[in-house]
Structure formats: C-alpha cells, structure tokens
>>> print(open('start-v9.txt').read())   # compact mmCIF, C-alpha atoms
# COMPACT_ATOMS: atom_id res chain seq x y z
CA MET A 1 22.39 -92.11 -16.03
CA LYS A 2 23.34 -95.73 -16.62
CA SER A 3 24.30 -98.76 -14.57
CA LEU A 4 28.01 -99.53 -14.39
CA THR A 5 27.70 -103.13 -13.26
CA GLU A 6 27.55 -104.46 -16.82
CA LYS A 7 30.65 -102.51 -17.86
CA THR A 8 32.86 -103.51 -14.94
CA PRO A 9 31.93 -106.97 -13.71
CA CYS A 10 33.92 -108.61 -10.96
CA SER A 11 33.86 -112.08 -9.56
CA GLY A 12 32.11 -113.09 -6.39
CA GLU A 13 35.54 -114.08 -5.07
CA GLU A 14 36.77 -110.49 -5.51
CA ALA A 15 33.80 -109.16 -3.53
CA GLU A 16 34.40 -111.78 -0.81
CA ALA A 17 38.12 -110.93 -0.69
CA VAL A 18 37.36 -107.23 -0.18
CA THR A 19 34.79 -108.02 2.50
CA ALA A 20 37.24 -110.32 4.30
CA ALA A 21 39.93 -107.62 4.17
CA LEU A 22 37.79 -104.90 5.72
CA PRO A 23 39.51 -103.25 8.69
CA GLU A 24 36.87 -104.41 11.18
CA ASN A 25 38.03 -107.99 10.57
CA ASP A 26 41.76 -107.48 11.12
CA ASP A 27 43.70 -105.34 13.60
CA ALA A 28 46.75 -105.23 11.30
CA ALA A 29 44.56 -103.88 8.49
CA LYS A 30 43.24 -101.20 10.86
CA THR A 31 46.78 -100.07 11.57
CA ALA A 32 47.72 -100.13 7.88
CA ALA A 33 44.63 -98.10 6.99
CA GLY A 34 45.44 -95.54 9.69
CA MET A 35 42.31 -96.27 11.69
CA THR A 36 41.81 -95.60 15.33
CA ASP A 37 39.96 -98.05 17.58
CA ARG A 38 36.67 -96.48 16.53
CA GLU A 39 34.85 -98.33 13.77
CA PRO A 40 31.72 -97.53 11.79
CA ALA A 41 28.59 -98.30 13.78
CA ARG A 42 27.18 -100.52 11.05
CA GLN A 43 29.51 -102.22 8.58
CA THR A 44 27.75 -103.75 5.56
CA ALA A 45 28.99 -106.40 3.14
CA VAL A 46 30.68 -105.50 -0.15
CA THR A 47 28.86 -106.41 -3.37
CA GLU A 48 29.97 -106.59 -6.99
CA GLU A 49 27.91 -103.44 -7.60
CA ASP A 50 29.86 -101.69 -4.82
CA LEU A 51 33.14 -102.51 -6.54
CA ALA A 52 31.87 -101.28 -9.90
CA TYR A 53 30.69 -97.93 -8.52
CA MET A 54 33.83 -97.49 -6.44
CA ARG A 55 35.79 -97.89 -9.67
CA GLU A 56 33.69 -95.05 -11.13
CA ALA A 57 34.50 -92.93 -8.05
CA LEU A 58 38.20 -93.76 -8.55
CA ARG A 59 37.95 -92.63 -12.18
CA LEU A 60 36.50 -89.32 -10.96
CA ALA A 61 39.28 -89.00 -8.36
CA GLN A 62 41.87 -89.45 -11.10
CA GLU A 63 40.07 -86.79 -13.14
CA ALA A 64 40.30 -84.46 -10.12
CA ALA A 65 44.05 -85.10 -9.79
CA GLU A 66 44.54 -84.27 -13.47
CA ALA A 67 42.70 -80.96 -12.85
CA ASP A 68 45.06 -80.24 -9.91
CA GLU A 69 42.35 -80.87 -7.31
CA ALA A 70 42.63 -83.11 -4.26
CA PRO A 71 41.79 -86.46 -5.86
CA VAL A 72 38.43 -87.44 -4.40
CA GLY A 73 35.55 -88.74 -6.48
CA ALA A 74 31.98 -89.56 -5.50
CA CYS A 75 28.87 -90.98 -7.09
CA ILE A 76 25.34 -91.69 -5.92
CA VAL A 77 23.34 -94.71 -7.03
CA GLN A 78 19.64 -95.42 -6.55
CA ASN A 79 18.19 -98.82 -7.42
CA GLY A 80 21.23 -99.77 -9.52
CA ARG A 81 21.17 -96.50 -11.49
CA LEU A 82 23.89 -93.86 -11.32
CA ILE A 83 22.06 -90.58 -10.59
CA ALA A 84 24.97 -88.28 -9.67
CA ALA A 85 28.73 -88.14 -10.06
CA ALA A 86 31.24 -85.49 -9.01
CA ARG A 87 34.84 -84.82 -8.10
CA ASN A 88 36.48 -82.27 -5.85
CA ARG A 89 36.30 -78.76 -7.32
CA ARG A 90 37.45 -76.54 -4.42
CA GLU A 91 40.43 -75.06 -6.26
CA SER A 92 38.80 -74.51 -9.65
CA ASP A 93 35.55 -73.15 -8.17
CA LYS A 94 37.33 -71.24 -5.36
CA CYS A 95 34.77 -72.60 -2.89
CA ALA A 96 35.57 -74.42 0.36
CA THR A 97 32.36 -76.49 0.24
CA HIS A 98 32.92 -78.00 -3.21
CA HIS A 99 33.92 -81.45 -2.01
CA ALA A 100 32.99 -84.37 -4.27
CA GLU A 101 30.32 -85.62 -1.84
CA ILE A 102 28.59 -82.23 -1.56
CA LEU A 103 28.50 -81.76 -5.32
CA ALA A 104 27.19 -85.31 -5.85
CA ILE A 105 24.49 -84.80 -3.19
CA GLU A 106 23.42 -81.52 -4.83
CA GLU A 107 23.19 -83.22 -8.23
CA ALA A 108 21.23 -86.16 -6.79
CA CYS A 109 18.77 -83.77 -5.11
CA ARG A 110 18.19 -82.01 -8.43
CA THR A 111 17.80 -85.37 -10.22
CA LEU A 112 15.28 -86.71 -7.70
CA GLY A 113 13.55 -83.39 -7.10
CA GLY A 114 13.92 -83.27 -3.31
CA TRP A 115 16.37 -82.95 -0.44
CA ARG A 116 15.89 -86.50 0.85
CA LEU A 117 17.76 -89.22 -1.04
CA PRO A 118 15.87 -92.44 -0.21
CA GLY A 119 17.21 -95.75 -1.48
CA CYS A 120 20.56 -94.18 -2.39
CA THR A 121 24.12 -95.28 -1.81
CA LEU A 122 26.95 -92.74 -1.83
CA TYR A 123 30.29 -94.06 -3.08
CA VAL A 124 33.35 -91.95 -2.32
CA THR A 125 37.08 -92.60 -2.50
CA LEU A 126 37.92 -91.02 0.88
CA GLU A 127 36.07 -91.29 4.19
CA PRO A 128 33.80 -88.23 4.45
CA CYS A 129 34.84 -85.19 6.50
CA PRO A 130 32.53 -83.50 9.07
CA MET A 131 30.97 -81.19 6.47
CA CYS A 132 30.21 -84.04 4.06
CA GLY A 133 29.09 -86.32 6.89
CA GLY A 134 26.61 -83.63 7.93
CA ALA A 135 25.27 -83.42 4.38
CA ILE A 136 24.92 -87.22 4.28
CA VAL A 137 22.91 -87.16 7.51
CA ASN A 138 20.76 -84.22 6.35
CA ALA A 139 20.04 -85.83 2.95
CA ARG A 140 19.08 -89.06 4.79
CA ILE A 141 21.36 -91.14 2.56
CA PRO A 142 20.79 -94.73 3.72
CA ARG A 143 24.23 -96.13 2.86
CA VAL A 144 27.79 -94.88 2.44
CA VAL A 145 30.64 -96.85 0.84
CA PHE A 146 34.11 -95.34 0.97
CA GLY A 147 37.64 -96.24 -0.01
CA ALA A 148 40.52 -94.88 2.08
CA TYR A 149 40.12 -94.14 5.78
CA ASP A 150 40.96 -90.57 6.85
CA GLU A 151 42.48 -90.63 10.32
CA LYS A 152 42.58 -86.83 10.60
CA ALA A 153 39.09 -85.91 9.42
CA GLY A 154 37.02 -89.04 8.71
CA VAL A 155 33.66 -89.16 10.47
CA PHE A 156 32.62 -92.78 9.95
CA GLY A 157 35.14 -94.53 12.16
CA SER A 158 38.48 -92.73 12.03
CA ALA A 159 38.68 -89.28 13.64
CA THR A 160 35.18 -89.77 15.02
CA ASP A 161 32.05 -91.78 14.28
CA PHE A 162 28.91 -89.80 13.45
CA ASN A 163 26.88 -93.01 13.88
CA ALA A 164 27.87 -93.07 17.56
CA LEU A 165 26.34 -89.60 18.05
CA THR A 166 22.67 -88.81 18.64
CA PHE A 167 21.82 -87.69 15.10
CA ASN A 168 18.37 -88.60 13.82
CA HIS A 169 19.82 -90.50 10.84
CA LYS A 170 22.57 -93.11 10.83
CA PRO A 171 23.64 -94.48 7.45
CA ALA A 172 24.90 -98.02 7.03
CA VAL A 173 28.64 -97.74 6.33
CA THR A 174 31.12 -99.87 4.43
CA GLY A 175 34.67 -98.59 4.61
CA GLY A 176 37.94 -99.70 3.07
CA VAL A 177 36.50 -100.71 -0.33
CA LEU A 178 39.31 -100.49 -2.91
CA ALA A 179 41.21 -98.57 -0.23
CA GLU A 180 44.64 -99.29 -1.69
CA GLU A 181 43.65 -97.83 -5.04
CA SER A 182 42.14 -94.77 -3.31
CA ARG A 183 45.25 -94.25 -1.16
CA ALA A 184 47.53 -94.67 -4.19
CA ILE A 185 45.80 -91.82 -6.07
CA LEU A 186 45.92 -89.58 -2.99
CA SER A 187 49.57 -90.42 -2.24
CA ALA A 188 50.72 -89.82 -5.82
CA TYR A 189 48.93 -86.48 -5.94
CA PHE A 190 50.31 -85.15 -2.65
CA LYS A 191 53.80 -86.52 -3.35
CA GLY A 192 53.77 -84.51 -6.59
CA LYS A 193 52.59 -81.42 -4.70
CA ARG A 194 55.46 -81.72 -2.20
CA LYS A 195 58.00 -81.83 -5.06
CA ASN A 196 56.68 -78.54 -6.48
>>> encode(input="start-v9.txt", output="structure tokens")
Amino acid sequence: MKSLTEKTPCSGEEAEAVTAALPENDDAAKTAAGMTDREPARQTAVTEEDLAYMREALRLAQEAAEADEAPVGACIVQNGRLIAAARNRRESDKCATHHAEILAIEEACRTLGGWRLPGCTLYVTLEPCPMCGGAIVNARIPRVVFGAYDEKAGVFGSATDFNALTFNHKPAVTGGVLAEESRAILSAYFKGKRKN
C-alpha cells in the first residue's frame, strides 16, 4: 500500500496545534472529551504523518457509516507505508469481533507474515475497547494514535488504562488526534439511528 503523507500534507503549525490541544495539557479539554482523571501512560507528540493517517481512518469511518455500521475506521502503518486499513463490519458480517482495529490487525499480520507487528502504528478514530486493546497488546503494536475518547469503554485513558496494568507490552499512546472530526461522525451516525 502507499504513503498518504504526500496526498494530505499539513503544516507544522497544524501538528503543533493538535499537540497543544491534547487532553493531557488542558483540564477543560479533558472534560469536553469526556475523559476521566486517568490518562494514557505515555502520550507521544502528534506529527504531520499522524494527521494524514488519521484522515484516512476518518475516511474509513465515514465509509462505515454509509454502510450502516458504527463509524469507526482504522489503519496500520509501518515505516511510513500503509499496510492495513479497515472499518467496522460487525453488522454486515454478523460477528461481534469485527471491529475496525481487529480487522486491520488481522490484515497487517497477513501482510507482514506474522502475529507480531513491529515498527507499526495503529490509527483509529475511537479509543480502543477492551477487546481491541487486548489485540493491540498481543500483536505488540508499538504505538496507538486515536481520535475520540470513549469514556464508557476506552482502555487507553478513559474507562481504564491498559498501560497502568501489568501486561508485558505497553504501547505508546497519542489520544485526541482529530477528535472533533471523529466525534462528529459518531454523533451524526447515532443521532440518525435515534430518529429511526
């Protein structure tokens, strides 16, 4: 697969603005994002590449919404190369485990030919749930970048923090990247569901 950074460049100022707006830097932002007092164990800086791949994850989330799936998109990048991309498929596949992260991890494992995903970053529009967090730990994914915080089920700082537990692998985590865009897609989808 190809690199997205050439297709969707952003300025250094945009990356700095996102980094400065991360919830760990502002209590009001934590409240707005629905975070609890728990924060990811290791917060990493936002890069232009992060923004580009989060935009790809947002595109996948929108694709999921159009297919009447909970709008979550995920992609996995290794050394600047997109190696896996997926969206939620629980409804269409009639399978509880078909979250975007799980499907992206499965695709990345097939692409790399093994269950460990060294040098990879997982980008996802919603903070991973316990199932997806477990898959991240088991695949030894070194870094996770996510959009919206999930106060009810997020495992990298919201409902709980997997990095505070005694697991043998703890990914570096960057949360709240393009969070407003992620929340907007989720809100629009569930608002439409409530009307029906």
>>> atom_distance(input="start-v9.txt", atom1="atom CA of A:Ala52", atom2="atom CA of A:Glu151")
25.2 Å
>>> residues_around(input="start-v9.txt", residues="stretch 76-92 of chain A", least_positions_apart="5", cutoff="6 Å", atoms="only C-alpha atoms", output="list of chain:residue names")
A:Met1, A:Lys2, A:Ser3, A:Leu60, A:Ala64, A:His98, A:His99, A:Ala100, A:Leu103, A:Ala104, A:Glu107, A:Ala108, A:Gly119, A:Cys120, A:Thr121, A:Leu122
>>> atom_distance(input="start-v9.txt", atom1="atom CA of A:Asn168", atom2="atom CA of A:Gly73")
26.6 Å
>>> atom_distance(input="start-v9.txt", atom1="atom CA of A:Thr44", atom2="atom CA of A:Arg143")
8.8 Å
>>> closest_residue(input="start-v9.txt", among="A:Ser187, A:Pro171, A:Asp161, A:Val145", to="A:Glu49", atoms="all atoms listed in the file")
A:Val145
>>> closest_residue(input="start-v9.txt", among="A:Ile105, A:Leu186, A:Ala61, A:Leu51", to="A:Asn138", atoms="all atoms listed in the file")
A:Ile105
>>> closest_residue(input="start-v9.txt", among="A:Ala45, A:Ala70, A:Leu126, A:Met54", to="A:Ala188", atoms="all atoms listed in the file")
A:Ala70
>>> residues_around(input="start-v9.txt", residues="A:Leu58", least_positions_apart="2", cutoff="9 Å", atoms="only C-alpha atoms", output="PDB file with C-alpha atoms, in the coordinates of the input")
ATOM      1  CA  TYR A  53      30.690 -97.930  -8.520  1.00  0.00           C
ATOM      2  CA  MET A  54      33.830 -97.490  -6.440  1.00  0.00           C
ATOM      3  CA  ARG A  55      35.790 -97.890  -9.670  1.00  0.00           C
ATOM      4  CA  GLU A  56      33.690 -95.050 -11.130  1.00  0.00           C
ATOM      5  CA  LEU A  60      36.500 -89.320 -10.960  1.00  0.00           C
ATOM      6  CA  ALA A  61      39.280 -89.000  -8.360  1.00  0.00           C
ATOM      7  CA  GLN A  62      41.870 -89.450 -11.100  1.00  0.00           C
ATOM      8  CA  GLU A  63      40.070 -86.790 -13.140  1.00  0.00           C
ATOM      9  CA  PRO A  71      41.790 -86.460  -5.860  1.00  0.00           C
ATOM     10  CA  VAL A  72      38.430 -87.440  -4.400  1.00  0.00           C
ATOM     11  CA  GLY A  73      35.550 -88.740  -6.480  1.00  0.00           C
ATOM     12  CA  ALA A  74      31.980 -89.560  -5.500  1.00  0.00           C
ATOM     13  CA  VAL A 124      33.350 -91.950  -2.320  1.00  0.00           C
ATOM     14  CA  THR A 125      37.080 -92.600  -2.500  1.00  0.00           C
ATOM     15  CA  GLY A 147      37.640 -96.240  -0.010  1.00  0.00           C
ATOM     16  CA  LEU A 178      39.310-100.490  -2.910  1.00  0.00           C
ATOM     17  CA  GLU A 181      43.650 -97.830  -5.040  1.00  0.00           C
ATOM     18  CA  SER A 182      42.140 -94.770  -3.310  1.00  0.00           C
ATOM     19  CA  ILE A 185      45.800 -91.820  -6.070  1.00  0.00           C
TER      20      ILE A 185
END
>>> closest_residue(input="start-v9.txt", among="A:Gly176, A:Gly134, A:Gly114, A:Pro128", to="A:Ala153", atoms="only C-alpha atoms")
A:Pro128
>>> axis_aligned_box(input="start-v9.txt", around="stretch 71-80 of chain A", padding_each_side="6 Å", output="lines of an AutoDock Vina configuration file")
center_x = 30.0
center_y = -93.1
center_z = -7.0
size_x = 35.6
size_y = 25.3
size_z = 17.1
>>> closest_residue(input="start-v9.txt", among="A:Ala184, A:Leu165, A:Val155, A:Cys95", to="A:Ile136", atoms="all atoms listed in the file")
A:Val155
>>> closest_residue(input="start-v9.txt", among="A:Arg116, A:Lys152, A:His169, A:Lys94", to="A:Glu69", atoms="all atoms listed in the file")
A:Lys94
